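Working notes for the structure below.
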Amino acid sequence: MATRHAFRHLARRMLSNVPESTVYGGPRPQEAAAARRVTLTTLRGKHRRGEPITVVTAYDYPSAVHVDSAGIDVCLVGDSAAMVVHGHDTTLPISLDVMLEHCRAVARGAPRPLLVGDLPFGCYESSSTQAVDSAVRVLKEGGMDAIKLEGGAPSRISAAKAIVEAGIAVMGHVGLTPQAISVLGGFRPQGKTVDSAVKVVETALALQEAGCFSVVLECVPAPVAAAATSALKIPTIGIGAGPFCSGQVLVYHDLLGMMQHPHHAKVTPKFCKQFANVGSVINKALSDYKQEVETRSFPGPSHTPYKITAADVDGFANVLQKMGLSEAANAAATAAENAEKDGKPSENS
């Protein structure tokens, strides 16, 4: 038993090269990490049993840890990072190299959910070969389990098929495809006419035929999403597509009510429910911090943990005196005296 305990301790220590005794604790094992890893088999089982699939985006280590801890099934590293993280008006500017940075950070923070990385605009449209090469990078360099690509044009269907044949799981995406706003004329819902609705279903079926394990349905009327979900044998993941899909996805920042800036207000979708108002909490915390620093109430004794003995303070002050730094020596002595009293700086400091 002792040997087993020692091995577990060693395994935990190997998670980080940061010593446990440093000022920063370093990463600690997440309880969620011990849970069973979500795989495509997991999702197929949920779909077969009629259990809704949960998907949330994440773009960095902290958000990934939250998504993992919440027990979300799928963590999508979306190219929406261009808008909610980098401040762009569309998803178009983000590059594959930048997406890979986001993917790696998320992979470190979310060991349990299935990880899906978006192929950003410009890295898969030229040819199926380019698409496969980009998808390979997302898995090998980004640490993802699968990729997502947008659209249902013949070239996109061919790209999806080629990626699947290369041994990489693919999630499709139809309806409003943000990378195609140049053609769509903006962020406009799809499937609102007979022809458009039929196209959504046909495209979803074509992506299924190409080997996709799931299809995102974005910004389409609920009856259209219900029809596509019924027609498909693979799960549909809705976003602004009503309650009849096999699962739902929302952007992390949107569902948390995190962003209060006017720029974000103009790109926050109408369909998003805010499950919290985290942005207000953050703003208050920052304001409180600013006030406490300006009034010198922070840091107090409980946040000034590192001590030096009185003897060392005297020795330090003597050395400073010899260096001709009398004021610095007095400051050190005064600080030590204050720390013994109440940890607060003097009025003249």
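Naming scheme: A, B, ... for chains in displayed order of the structure tokens; residues 1 onward per chain; ligands 1 onward as shown.
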
Give me the residues near Phe316 of chain A as a short mmCIF file (atom, residue, chain, number, x, y, z; two decimals) with N, CA and C atoms, in the first residue's frame, where near means some atom within 12 Å (using only C-alpha atoms) and where sequence neighbours in that chain fewer than 6 positions away do not count.
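Once everything was written out, this is around-v1.cif:
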data_model
loop_
_atom_site.label_atom_id
_atom_site.label_comp_id
_atom_site.auth_asym_id
_atom_site.auth_seq_id
_atom_site.Cartn_x
_atom_site.Cartn_y
_atom_site.Cartn_z
N ILE A 308 10.98 38.15 7.35
CA ILE A 308 12.42 38.25 7.56
C ILE A 308 12.62 38.51 9.04
N THR A 309 13.58 37.87 9.65
CA THR A 309 13.78 38.01 11.10
C THR A 309 14.27 39.40 11.45
N ALA A 310 14.04 39.79 12.70
CA ALA A 310 14.48 41.11 13.17
C ALA A 310 15.99 41.24 13.04
N LYS A 322 25.90 51.40 5.04
CA LYS A 322 27.27 51.42 4.51
C LYS A 322 27.30 51.71 3.02
N MET A 323 26.21 51.37 2.34
CA MET A 323 26.12 51.65 0.90
C MET A 323 25.72 53.10 0.63
N LEU A 325 22.82 54.32 1.58
CA LEU A 325 21.36 54.34 1.33
C LEU A 325 20.62 54.46 2.67
N SER A 326 20.81 55.58 3.32
CA SER A 326 20.23 55.78 4.65
C SER A 326 18.71 55.75 4.62
N ALA A 328 16.78 54.24 2.51
CA ALA A 328 16.34 52.87 2.27
C ALA A 328 16.44 52.04 3.54
N ALA A 329 17.50 52.26 4.32
CA ALA A 329 17.67 51.54 5.58
C ALA A 329 16.55 51.90 6.55
N ASN A 330 16.22 53.19 6.61
CA ASN A 330 15.13 53.62 7.49
C ASN A 330 13.79 53.04 7.04
N ALA A 331 13.58 52.97 5.73
CA ALA A 331 12.34 52.42 5.20
C ALA A 331 12.19 50.96 5.57
N ALA A 332 13.29 50.21 5.47
CA ALA A 332 13.24 48.80 5.83
C ALA A 332 12.93 48.62 7.31
N ALA A 333 13.58 49.42 8.14
CA ALA A 333 13.36 49.31 9.59
C ALA A 333 11.93 49.69 9.95
N ALA A 336 9.51 46.95 8.93
CA ALA A 336 9.57 45.81 9.85
C ALA A 336 8.82 46.12 11.14
#

Long-range neighbours of Ala153 of chain A as a PDB file with all heavy atoms, in the first residue's frame, 12 Å cut-off, only C-alpha atoms, 2 positions minimum in chain:
ATOM      1  N   GLU A 125      -9.779  25.625 -47.620  1.00  0.00           N
ATOM      2  CA  GLU A 125     -10.629  25.843 -48.791  1.00  0.00           C
ATOM      3  C   GLU A 125      -9.963  25.503 -50.126  1.00  0.00           C
ATOM      4  O   GLU A 125     -10.644  25.182 -51.100  1.00  0.00           O
ATOM      5  CB  GLU A 125     -11.091  27.315 -48.838  1.00  0.00           C
ATOM      6  CG  GLU A 125     -11.971  27.729 -47.678  1.00  0.00           C
ATOM      7  CD  GLU A 125     -11.175  28.179 -46.470  1.00  0.00           C
ATOM      8  OE1 GLU A 125      -9.927  28.030 -46.478  1.00  0.00           O
ATOM      9  OE2 GLU A 125     -11.782  28.698 -45.521  1.00  0.00           O
ATOM     10  N   LEU A 149     -15.488  21.802 -39.404  1.00  0.00           N
ATOM     11  CA  LEU A 149     -15.381  22.698 -40.562  1.00  0.00           C
ATOM     12  C   LEU A 149     -16.767  23.164 -40.974  1.00  0.00           C
ATOM     13  O   LEU A 149     -17.770  22.491 -40.722  1.00  0.00           O
ATOM     14  CB  LEU A 149     -14.633  22.051 -41.724  1.00  0.00           C
ATOM     15  CG  LEU A 149     -15.093  20.719 -42.322  1.00  0.00           C
ATOM     16  CD1 LEU A 149     -16.337  20.886 -43.174  1.00  0.00           C
ATOM     17  CD2 LEU A 149     -13.967  20.141 -43.172  1.00  0.00           C
ATOM     18  N   GLU A 150     -16.811  24.334 -41.584  1.00  0.00           N
ATOM     19  CA  GLU A 150     -18.085  24.948 -41.931  1.00  0.00           C
ATOM     20  C   GLU A 150     -18.456  24.701 -43.389  1.00  0.00           C
ATOM     21  O   GLU A 150     -17.595  24.539 -44.256  1.00  0.00           O
ATOM     22  CB  GLU A 150     -18.015  26.468 -41.707  1.00  0.00           C
ATOM     23  CG  GLU A 150     -17.918  26.878 -40.253  1.00  0.00           C
ATOM     24  CD  GLU A 150     -18.001  28.385 -40.095  1.00  0.00           C
ATOM     25  OE1 GLU A 150     -18.311  29.089 -41.091  1.00  0.00           O
ATOM     26  OE2 GLU A 150     -17.772  28.878 -38.980  1.00  0.00           O
ATOM     27  N   GLY A 151     -19.770  24.740 -43.634  1.00  0.00           N
ATOM     28  CA  GLY A 151     -20.276  24.791 -44.996  1.00  0.00           C
ATOM     29  C   GLY A 151     -20.609  23.448 -45.594  1.00  0.00           C
ATOM     30  O   GLY A 151     -20.236  22.392 -45.077  1.00  0.00           O
ATOM     31  N   SER A 155     -16.959  21.304 -52.438  1.00  0.00           N
ATOM     32  CA  SER A 155     -15.551  21.263 -52.032  1.00  0.00           C
ATOM     33  C   SER A 155     -15.417  21.007 -50.534  1.00  0.00           C
ATOM     34  O   SER A 155     -14.483  20.336 -50.080  1.00  0.00           O
ATOM     35  CB  SER A 155     -14.854  22.584 -52.401  1.00  0.00           C
ATOM     36  OG  SER A 155     -15.476  23.679 -51.740  1.00  0.00           O
ATOM     37  N   ARG A 156     -16.371  21.523 -49.739  1.00  0.00           N
ATOM     38  CA  ARG A 156     -16.328  21.303 -48.295  1.00  0.00           C
ATOM     39  C   ARG A 156     -16.694  19.854 -47.961  1.00  0.00           C
ATOM     40  O   ARG A 156     -16.119  19.255 -47.050  1.00  0.00           O
ATOM     41  CB  ARG A 156     -17.296  22.253 -47.575  1.00  0.00           C
ATOM     42  CG  ARG A 156     -17.066  23.718 -47.876  1.00  0.00           C
ATOM     43  CD  ARG A 156     -15.723  24.205 -47.364  1.00  0.00           C
ATOM     44  NE  ARG A 156     -15.461  25.564 -47.769  1.00  0.00           N
ATOM     45  CZ  ARG A 156     -15.815  26.650 -47.097  1.00  0.00           C
ATOM     46  NH1 ARG A 156     -16.476  26.513 -45.950  1.00  0.00           N
ATOM     47  NH2 ARG A 156     -15.512  27.854 -47.536  1.00  0.00           N
ATOM     48  N   ILE A 157     -17.657  19.303 -48.712  1.00  0.00           N
ATOM     49  CA  ILE A 157     -18.027  17.897 -48.514  1.00  0.00           C
ATOM     50  C   ILE A 157     -16.834  17.006 -48.846  1.00  0.00           C
ATOM     51  O   ILE A 157     -16.520  16.060 -48.114  1.00  0.00           O
ATOM     52  CB  ILE A 157     -19.240  17.514 -49.375  1.00  0.00           C
ATOM     53  CG1 ILE A 157     -20.438  18.418 -49.072  1.00  0.00           C
ATOM     54  CG2 ILE A 157     -19.580  16.048 -49.177  1.00  0.00           C
ATOM     55  CD1 ILE A 157     -20.949  18.323 -47.659  1.00  0.00           C
ATOM     56  N   SER A 158     -16.146  17.332 -49.937  1.00  0.00           N
ATOM     57  CA  SER A 158     -14.962  16.552 -50.325  1.00  0.00           C
ATOM     58  C   SER A 158     -13.866  16.663 -49.274  1.00  0.00           C
ATOM     59  O   SER A 158     -13.189  15.681 -48.954  1.00  0.00           O
ATOM     60  CB  SER A 158     -14.432  17.046 -51.679  1.00  0.00           C
ATOM     61  OG  SER A 158     -15.385  16.836 -52.700  1.00  0.00           O
ATOM     62  N   ALA A 159     -13.700  17.874 -48.726  1.00  0.00           N
ATOM     63  CA  ALA A 159     -12.689  18.079 -47.686  1.00  0.00           C
ATOM     64  C   ALA A 159     -13.024  17.258 -46.451  1.00  0.00           C
ATOM     65  O   ALA A 159     -12.157  16.598 -45.870  1.00  0.00           O
ATOM     66  CB  ALA A 159     -12.588  19.558 -47.343  1.00  0.00           C
ATOM     67  N   ALA A 160     -14.292  17.286 -46.053  1.00  0.00           N
ATOM     68  CA  ALA A 160     -14.715  16.504 -44.879  1.00  0.00           C
ATOM     69  C   ALA A 160     -14.459  15.026 -45.107  1.00  0.00           C
ATOM     70  O   ALA A 160     -13.948  14.327 -44.213  1.00  0.00           O
ATOM     71  CB  ALA A 160     -16.193  16.754 -44.593  1.00  0.00           C
ATOM     72  N   GLY A 172     -19.467  18.567 -38.735  1.00  0.00           N
ATOM     73  CA  GLY A 172     -19.891  19.504 -39.766  1.00  0.00           C
ATOM     74  C   GLY A 172     -20.591  20.717 -39.165  1.00  0.00           C
ATOM     75  O   GLY A 172     -20.850  20.776 -37.967  1.00  0.00           O
ATOM     76  N   HIS A 173     -20.921  21.675 -40.022  1.00  0.00           N
ATOM     77  CA  HIS A 173     -21.536  22.926 -39.539  1.00  0.00           C
ATOM     78  C   HIS A 173     -22.320  23.533 -40.697  1.00  0.00           C
ATOM     79  O   HIS A 173     -21.744  23.926 -41.716  1.00  0.00           O
ATOM     80  CB  HIS A 173     -20.437  23.882 -39.069  1.00  0.00           C
ATOM     81  CG  HIS A 173     -20.946  25.144 -38.442  1.00  0.00           C
ATOM     82  ND1 HIS A 173     -20.213  25.854 -37.523  1.00  0.00           N
ATOM     83  CD2 HIS A 173     -22.099  25.846 -38.598  1.00  0.00           C
ATOM     84  CE1 HIS A 173     -20.885  26.923 -37.137  1.00  0.00           C
ATOM     85  NE2 HIS A 173     -22.035  26.944 -37.799  1.00  0.00           N
ATOM     86  N   VAL A 174     -23.657  23.621 -40.544  1.00  0.00           N
ATOM     87  CA  VAL A 174     -24.502  24.166 -41.601  1.00  0.00           C
ATOM     88  C   VAL A 174     -25.446  25.218 -41.014  1.00  0.00           C
ATOM     89  O   VAL A 174     -25.498  25.434 -39.809  1.00  0.00           O
ATOM     90  CB  VAL A 174     -25.313  23.063 -42.299  1.00  0.00           C
ATOM     91  CG1 VAL A 174     -24.393  22.027 -42.915  1.00  0.00           C
ATOM     92  CG2 VAL A 174     -26.280  22.389 -41.330  1.00  0.00           C
ATOM     93  N   THR A 177     -23.167  29.993 -41.373  1.00  0.00           N
ATOM     94  CA  THR A 177     -21.756  29.640 -41.257  1.00  0.00           C
ATOM     95  C   THR A 177     -20.967  30.950 -41.263  1.00  0.00           C
ATOM     96  O   THR A 177     -20.783  31.571 -42.307  1.00  0.00           O
ATOM     97  CB  THR A 177     -21.326  28.741 -42.433  1.00  0.00           C
ATOM     98  OG1 THR A 177     -21.811  29.304 -43.674  1.00  0.00           O
ATOM     99  CG2 THR A 177     -21.921  27.349 -42.275  1.00  0.00           C
ATOM    100  N   ALA A 180     -18.681  32.381 -43.898  1.00  0.00           N
ATOM    101  CA  ALA A 180     -19.231  32.685 -45.226  1.00  0.00           C
ATOM    102  C   ALA A 180     -20.039  33.978 -45.234  1.00  0.00           C
ATOM    103  O   ALA A 180     -20.880  34.177 -46.113  1.00  0.00           O
ATOM    104  CB  ALA A 180     -20.098  31.527 -45.696  1.00  0.00           C
ATOM    105  N   LYS A 199     -32.199  23.031 -48.350  1.00  0.00           N
ATOM    106  CA  LYS A 199     -30.742  23.036 -48.503  1.00  0.00           C
ATOM    107  C   LYS A 199     -30.052  22.684 -47.186  1.00  0.00           C
ATOM    108  O   LYS A 199     -29.049  21.962 -47.174  1.00  0.00           O
ATOM    109  CB  LYS A 199     -30.278  24.398 -49.001  1.00  0.00           C
ATOM    110  CG  LYS A 199     -28.776  24.471 -49.265  1.00  0.00           C
ATOM    111  CD  LYS A 199     -28.377  25.829 -49.804  1.00  0.00           C
ATOM    112  CE  LYS A 199     -26.875  25.894 -50.037  1.00  0.00           C
ATOM    113  NZ  LYS A 199     -26.456  27.222 -50.544  1.00  0.00           N
ATOM    114  N   VAL A 200     -30.574  23.187 -46.069  1.00  0.00           N
ATOM    115  CA  VAL A 200     -29.992  22.866 -44.765  1.00  0.00           C
ATOM    116  C   VAL A 200     -30.020  21.359 -44.536  1.00  0.00           C
ATOM    117  O   VAL A 200     -29.021  20.752 -44.133  1.00  0.00           O
ATOM    118  CB  VAL A 200     -30.745  23.605 -43.637  1.00  0.00           C
ATOM    119  CG1 VAL A 200     -30.337  23.050 -42.268  1.00  0.00           C
ATOM    120  CG2 VAL A 200     -30.478  25.102 -43.702  1.00  0.00           C
ATOM    121  N   GLU A 202     -30.434  18.910 -46.805  1.00  0.00           N
ATOM    122  CA  GLU A 202     -29.617  18.211 -47.805  1.00  0.00           C
ATOM    123  C   GLU A 202     -28.132  18.303 -47.461  1.00  0.00           C
ATOM    124  O   GLU A 202     -27.383  17.326 -47.607  1.00  0.00           O
ATOM    125  CB  GLU A 202     -29.883  18.786 -49.187  1.00  0.00           C
ATOM    126  CG  GLU A 202     -31.244  18.426 -49.762  1.00  0.00           C
ATOM    127  CD  GLU A 202     -31.467  19.030 -51.138  1.00  0.00           C
ATOM    128  OE1 GLU A 202     -30.788  20.032 -51.482  1.00  0.00           O
ATOM    129  OE2 GLU A 202     -32.326  18.506 -51.875  1.00  0.00           O
ATOM    130  N   THR A 203     -27.705  19.481 -47.038  1.00  0.00           N
ATOM    131  CA  THR A 203     -26.291  19.655 -46.696  1.00  0.00           C
ATOM    132  C   THR A 203     -25.915  18.804 -45.493  1.00  0.00           C
ATOM    133  O   THR A 203     -24.846  18.175 -45.458  1.00  0.00           O
ATOM    134  CB  THR A 203     -25.992  21.131 -46.404  1.00  0.00           C
ATOM    135  OG1 THR A 203     -26.335  21.928 -47.545  1.00  0.00           O
ATOM    136  CG2 THR A 203     -24.524  21.342 -46.081  1.00  0.00           C
ATOM    137  N   ALA A 204     -26.785  18.774 -44.496  1.00  0.00           N
ATOM    138  CA  ALA A 204     -26.521  17.954 -43.320  1.00  0.00           C
ATOM    139  C   ALA A 204     -26.408  16.484 -43.689  1.00  0.00           C
ATOM    140  O   ALA A 204     -25.529  15.761 -43.194  1.00  0.00           O
ATOM    141  CB  ALA A 204     -27.614  18.170 -42.278  1.00  0.00           C
ATOM    142  N   ALA A 206     -25.511  15.316 -46.602  1.00  0.00           N
ATOM    143  CA  ALA A 206     -24.273  15.138 -47.362  1.00  0.00           C
ATOM    144  C   ALA A 206     -23.067  15.047 -46.424  1.00  0.00           C
ATOM    145  O   ALA A 206     -22.138  14.255 -46.654  1.00  0.00           O
ATOM    146  CB  ALA A 206     -24.102  16.293 -48.347  1.00  0.00           C
ATOM    147  N   LEU A 207     -23.070  15.841 -45.354  1.00  0.00           N
ATOM    148  CA  LEU A 207     -21.979  15.784 -44.390  1.00  0.00           C
ATOM    149  C   LEU A 207     -21.986  14.452 -43.651  1.00  0.00           C
ATOM    150  O   LEU A 207     -20.930  13.878 -43.363  1.00  0.00           O
ATOM    151  CB  LEU A 207     -22.091  16.948 -43.408  1.00  0.00           C
ATOM    152  CG  LEU A 207     -21.725  18.319 -43.989  1.00  0.00           C
ATOM    153  CD1 LEU A 207     -22.164  19.432 -43.057  1.00  0.00           C
ATOM    154  CD2 LEU A 207     -20.212  18.409 -44.243  1.00  0.00           C
TER     155      LEU A 207
END

To test your reading of the structure, identify every residue in segment 117-312 of chain A that backbone DSSP assigns to strand (DSSP E), and report it as a CSV table (one decimal) with N, CA, C and O atoms, in the first residue's frame.
chain,number,residue,atom,x,y,z
A,117,GLY,N,-11.6,21.1,-32.4
A,117,GLY,CA,-10.9,22.3,-32.8
A,117,GLY,C,-11.5,22.8,-34.2
A,117,GLY,O,-11.6,22.0,-35.1
A,118,ASP,N,-11.8,24.1,-34.3
A,118,ASP,CA,-12.3,24.6,-35.5
A,118,ASP,C,-11.2,24.8,-36.5
A,118,ASP,O,-10.0,25.2,-36.2
A,146,ALA,N,-10.8,16.0,-32.5
A,146,ALA,CA,-11.6,16.0,-33.7
A,146,ALA,C,-11.5,17.5,-34.2
A,146,ALA,O,-11.0,18.4,-33.5
A,147,ILE,N,-12.0,17.7,-35.5
A,147,ILE,CA,-12.0,19.0,-36.0
A,147,ILE,C,-13.4,19.4,-36.4
A,147,ILE,O,-14.3,18.5,-36.6
A,148,LYS,N,-13.7,20.7,-36.6
A,148,LYS,CA,-15.0,21.1,-37.2
A,148,LYS,C,-14.7,22.0,-38.4
A,148,LYS,O,-13.8,22.8,-38.3
A,169,ALA,N,-11.7,12.5,-36.9
A,169,ALA,CA,-13.1,12.7,-36.8
A,169,ALA,C,-13.5,14.2,-37.1
A,169,ALA,O,-12.8,15.1,-36.8
A,170,VAL,N,-14.7,14.3,-37.8
A,170,VAL,CA,-15.1,15.6,-38.3
A,170,VAL,C,-16.5,15.9,-37.8
A,170,VAL,O,-17.4,15.1,-37.9
A,171,MET,N,-16.7,17.2,-37.3
A,171,MET,CA,-18.0,17.7,-37.0
A,171,MET,C,-18.3,18.7,-38.1
A,171,MET,O,-17.5,19.6,-38.4
A,172,GLY,N,-19.5,18.6,-38.7
A,172,GLY,CA,-19.9,19.5,-39.8
A,172,GLY,C,-20.6,20.7,-39.2
A,172,GLY,O,-20.8,20.8,-38.0
A,173,HIS,N,-20.9,21.7,-40.0
A,173,HIS,CA,-21.5,22.9,-39.5
A,173,HIS,C,-22.3,23.5,-40.7
A,173,HIS,O,-21.7,23.9,-41.7
A,174,VAL,N,-23.7,23.6,-40.5
A,174,VAL,CA,-24.5,24.2,-41.6
A,174,VAL,C,-25.4,25.2,-41.0
A,174,VAL,O,-25.5,25.4,-39.8
A,175,GLY,N,-26.2,25.9,-41.9
A,175,GLY,CA,-27.1,27.0,-41.5
A,175,GLY,C,-26.3,28.2,-41.6
A,175,GLY,O,-25.6,28.5,-42.7
A,214,SER,N,-21.1,14.3,-36.3
A,214,SER,CA,-22.1,15.2,-35.8
A,214,SER,C,-22.1,16.4,-36.7
A,214,SER,O,-21.2,16.7,-37.5
A,215,VAL,N,-23.2,17.2,-36.6
A,215,VAL,CA,-23.4,18.4,-37.4
A,215,VAL,C,-24.0,19.5,-36.6
A,215,VAL,O,-25.0,19.3,-35.9
A,216,VAL,N,-23.3,20.7,-36.6
A,216,VAL,CA,-23.9,21.9,-35.9
A,216,VAL,C,-24.9,22.5,-36.8
A,216,VAL,O,-24.6,22.7,-38.0
A,217,LEU,N,-26.0,22.9,-36.2
A,217,LEU,CA,-27.1,23.6,-37.0
A,217,LEU,C,-27.2,25.0,-36.3
A,217,LEU,O,-27.6,25.1,-35.2
A,218,GLU,N,-26.8,26.0,-37.0
A,218,GLU,CA,-26.7,27.4,-36.5
A,218,GLU,C,-27.7,28.3,-37.1
A,218,GLU,O,-27.8,28.4,-38.3
A,236,THR,N,-27.2,16.1,-34.0
A,236,THR,CA,-27.2,17.5,-34.3
A,236,THR,C,-26.9,18.3,-33.1
A,236,THR,O,-27.5,18.0,-32.0
A,237,ILE,N,-26.1,19.4,-33.2
A,237,ILE,CA,-25.8,20.3,-32.1
A,237,ILE,C,-26.4,21.7,-32.5
A,237,ILE,O,-25.9,22.3,-33.4
A,238,GLY,N,-27.4,22.1,-31.8
A,238,GLY,CA,-28.0,23.4,-32.1
A,238,GLY,C,-27.4,24.6,-31.5
A,238,GLY,O,-26.9,24.5,-30.3
A,239,ILE,N,-27.4,25.7,-32.2
A,239,ILE,CA,-27.0,27.0,-31.6
A,239,ILE,C,-27.9,28.0,-32.3
A,239,ILE,O,-27.8,28.3,-33.5
A,247,GLY,N,-28.3,18.1,-29.2
A,247,GLY,CA,-27.6,18.8,-28.2
A,247,GLY,C,-27.5,20.2,-28.4
A,247,GLY,O,-28.1,20.7,-29.4
A,248,GLN,N,-26.8,21.0,-27.6
A,248,GLN,CA,-26.8,22.4,-27.7
A,248,GLN,C,-25.3,22.9,-27.5
A,248,GLN,O,-24.6,22.3,-26.7
A,249,VAL,N,-25.0,24.0,-28.1
A,249,VAL,CA,-23.7,24.6,-27.9
A,249,VAL,C,-23.9,26.1,-27.7
A,249,VAL,O,-24.7,26.7,-28.4
A,250,LEU,N,-23.1,26.7,-26.8
A,250,LEU,CA,-23.0,28.1,-26.6
A,250,LEU,C,-21.6,28.5,-26.4
A,250,LEU,O,-20.7,27.8,-26.0

Check the smallest atom-to-atom distance from each of A:Gly240, A:Gly142, A:Pro235, A:Pro223 to Arg49 of chain A using only C-alpha atoms, then report the winner.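 Of A:Gly240, A:Gly142, A:Pro235, A:Pro223, the one nearest Arg49 of chain A, counting only C-alpha atoms, is A:Pro235.
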
Would you compute the distance between atom CA of Asp79 of chain A and atom CA of Gly109 of chain A? Give it in Å to one decimal. 18.2 Å

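Minimum atom-to-atom distances from A:Met259, A:Lys290, A:Ala81, A:Ala335 to Lys307 of chain A were compared using only C-alpha atoms, and the lowest value belongs to A:Ala335.
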
At what distance in Å, to one decimal, does atom CA of Gly242 of chain A lie from atom CA of Ala225 of chain A?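 Going from atom CA of Ala225 of chain A over to atom CA of Gly242 of chain A covers 7.2 Å.
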
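If only C-alpha atoms are the atoms counted, then among A:Arg112, A:Lys341, A:His253, A:Arg296 the closest residue to Val85 of chain A is A:His253.
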
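Atom pair atom CA of Glu51 of chain A / atom CA of Val74 of chain A: separated by 13.8 Å.
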
Might you pull out every residue within 7 Å of Val77 of chain A, with only C-alpha atoms counted and same-chain residues fewer than 5 positions away left off, and present them as a list in words? Thr57, Ala58, Tyr59, Cys103, Val116, Gly117 and Asp118 of chain A

Nearest candidate to Ser80 of chain A (options A:Tyr61, A:Phe244, A:Tyr252, A:Phe275; using only C-alpha atoms):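 Looking at the shortest contact to Ser80 of chain A, the residue is A:Tyr252.
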
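Nearest-residue note for Lys161 of chain A: choosing from A:Gly211, A:Pro120, A:Gly143, A:Pro113, the minimum distance belongs to A:Gly211, counting only C-alpha atoms.
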
Residue neighbourhood Ala166 of chain A, 8 Å, only C-alpha atoms, exclusion window fewer than 3 positions, as a PyMOL selection string: chain A and resi 132+162-163

Written selection (C-alpha atoms) as a compact mmCIF listing (two decimals), in the first residue's frame:
# COMPACT_ATOMS: atom_id res chain seq x y z
CA VAL A 132 -6.16 17.22 -44.37
CA ALA A 162 -10.85 13.35 -47.15
CA ILE A 163 -10.22 14.29 -43.51
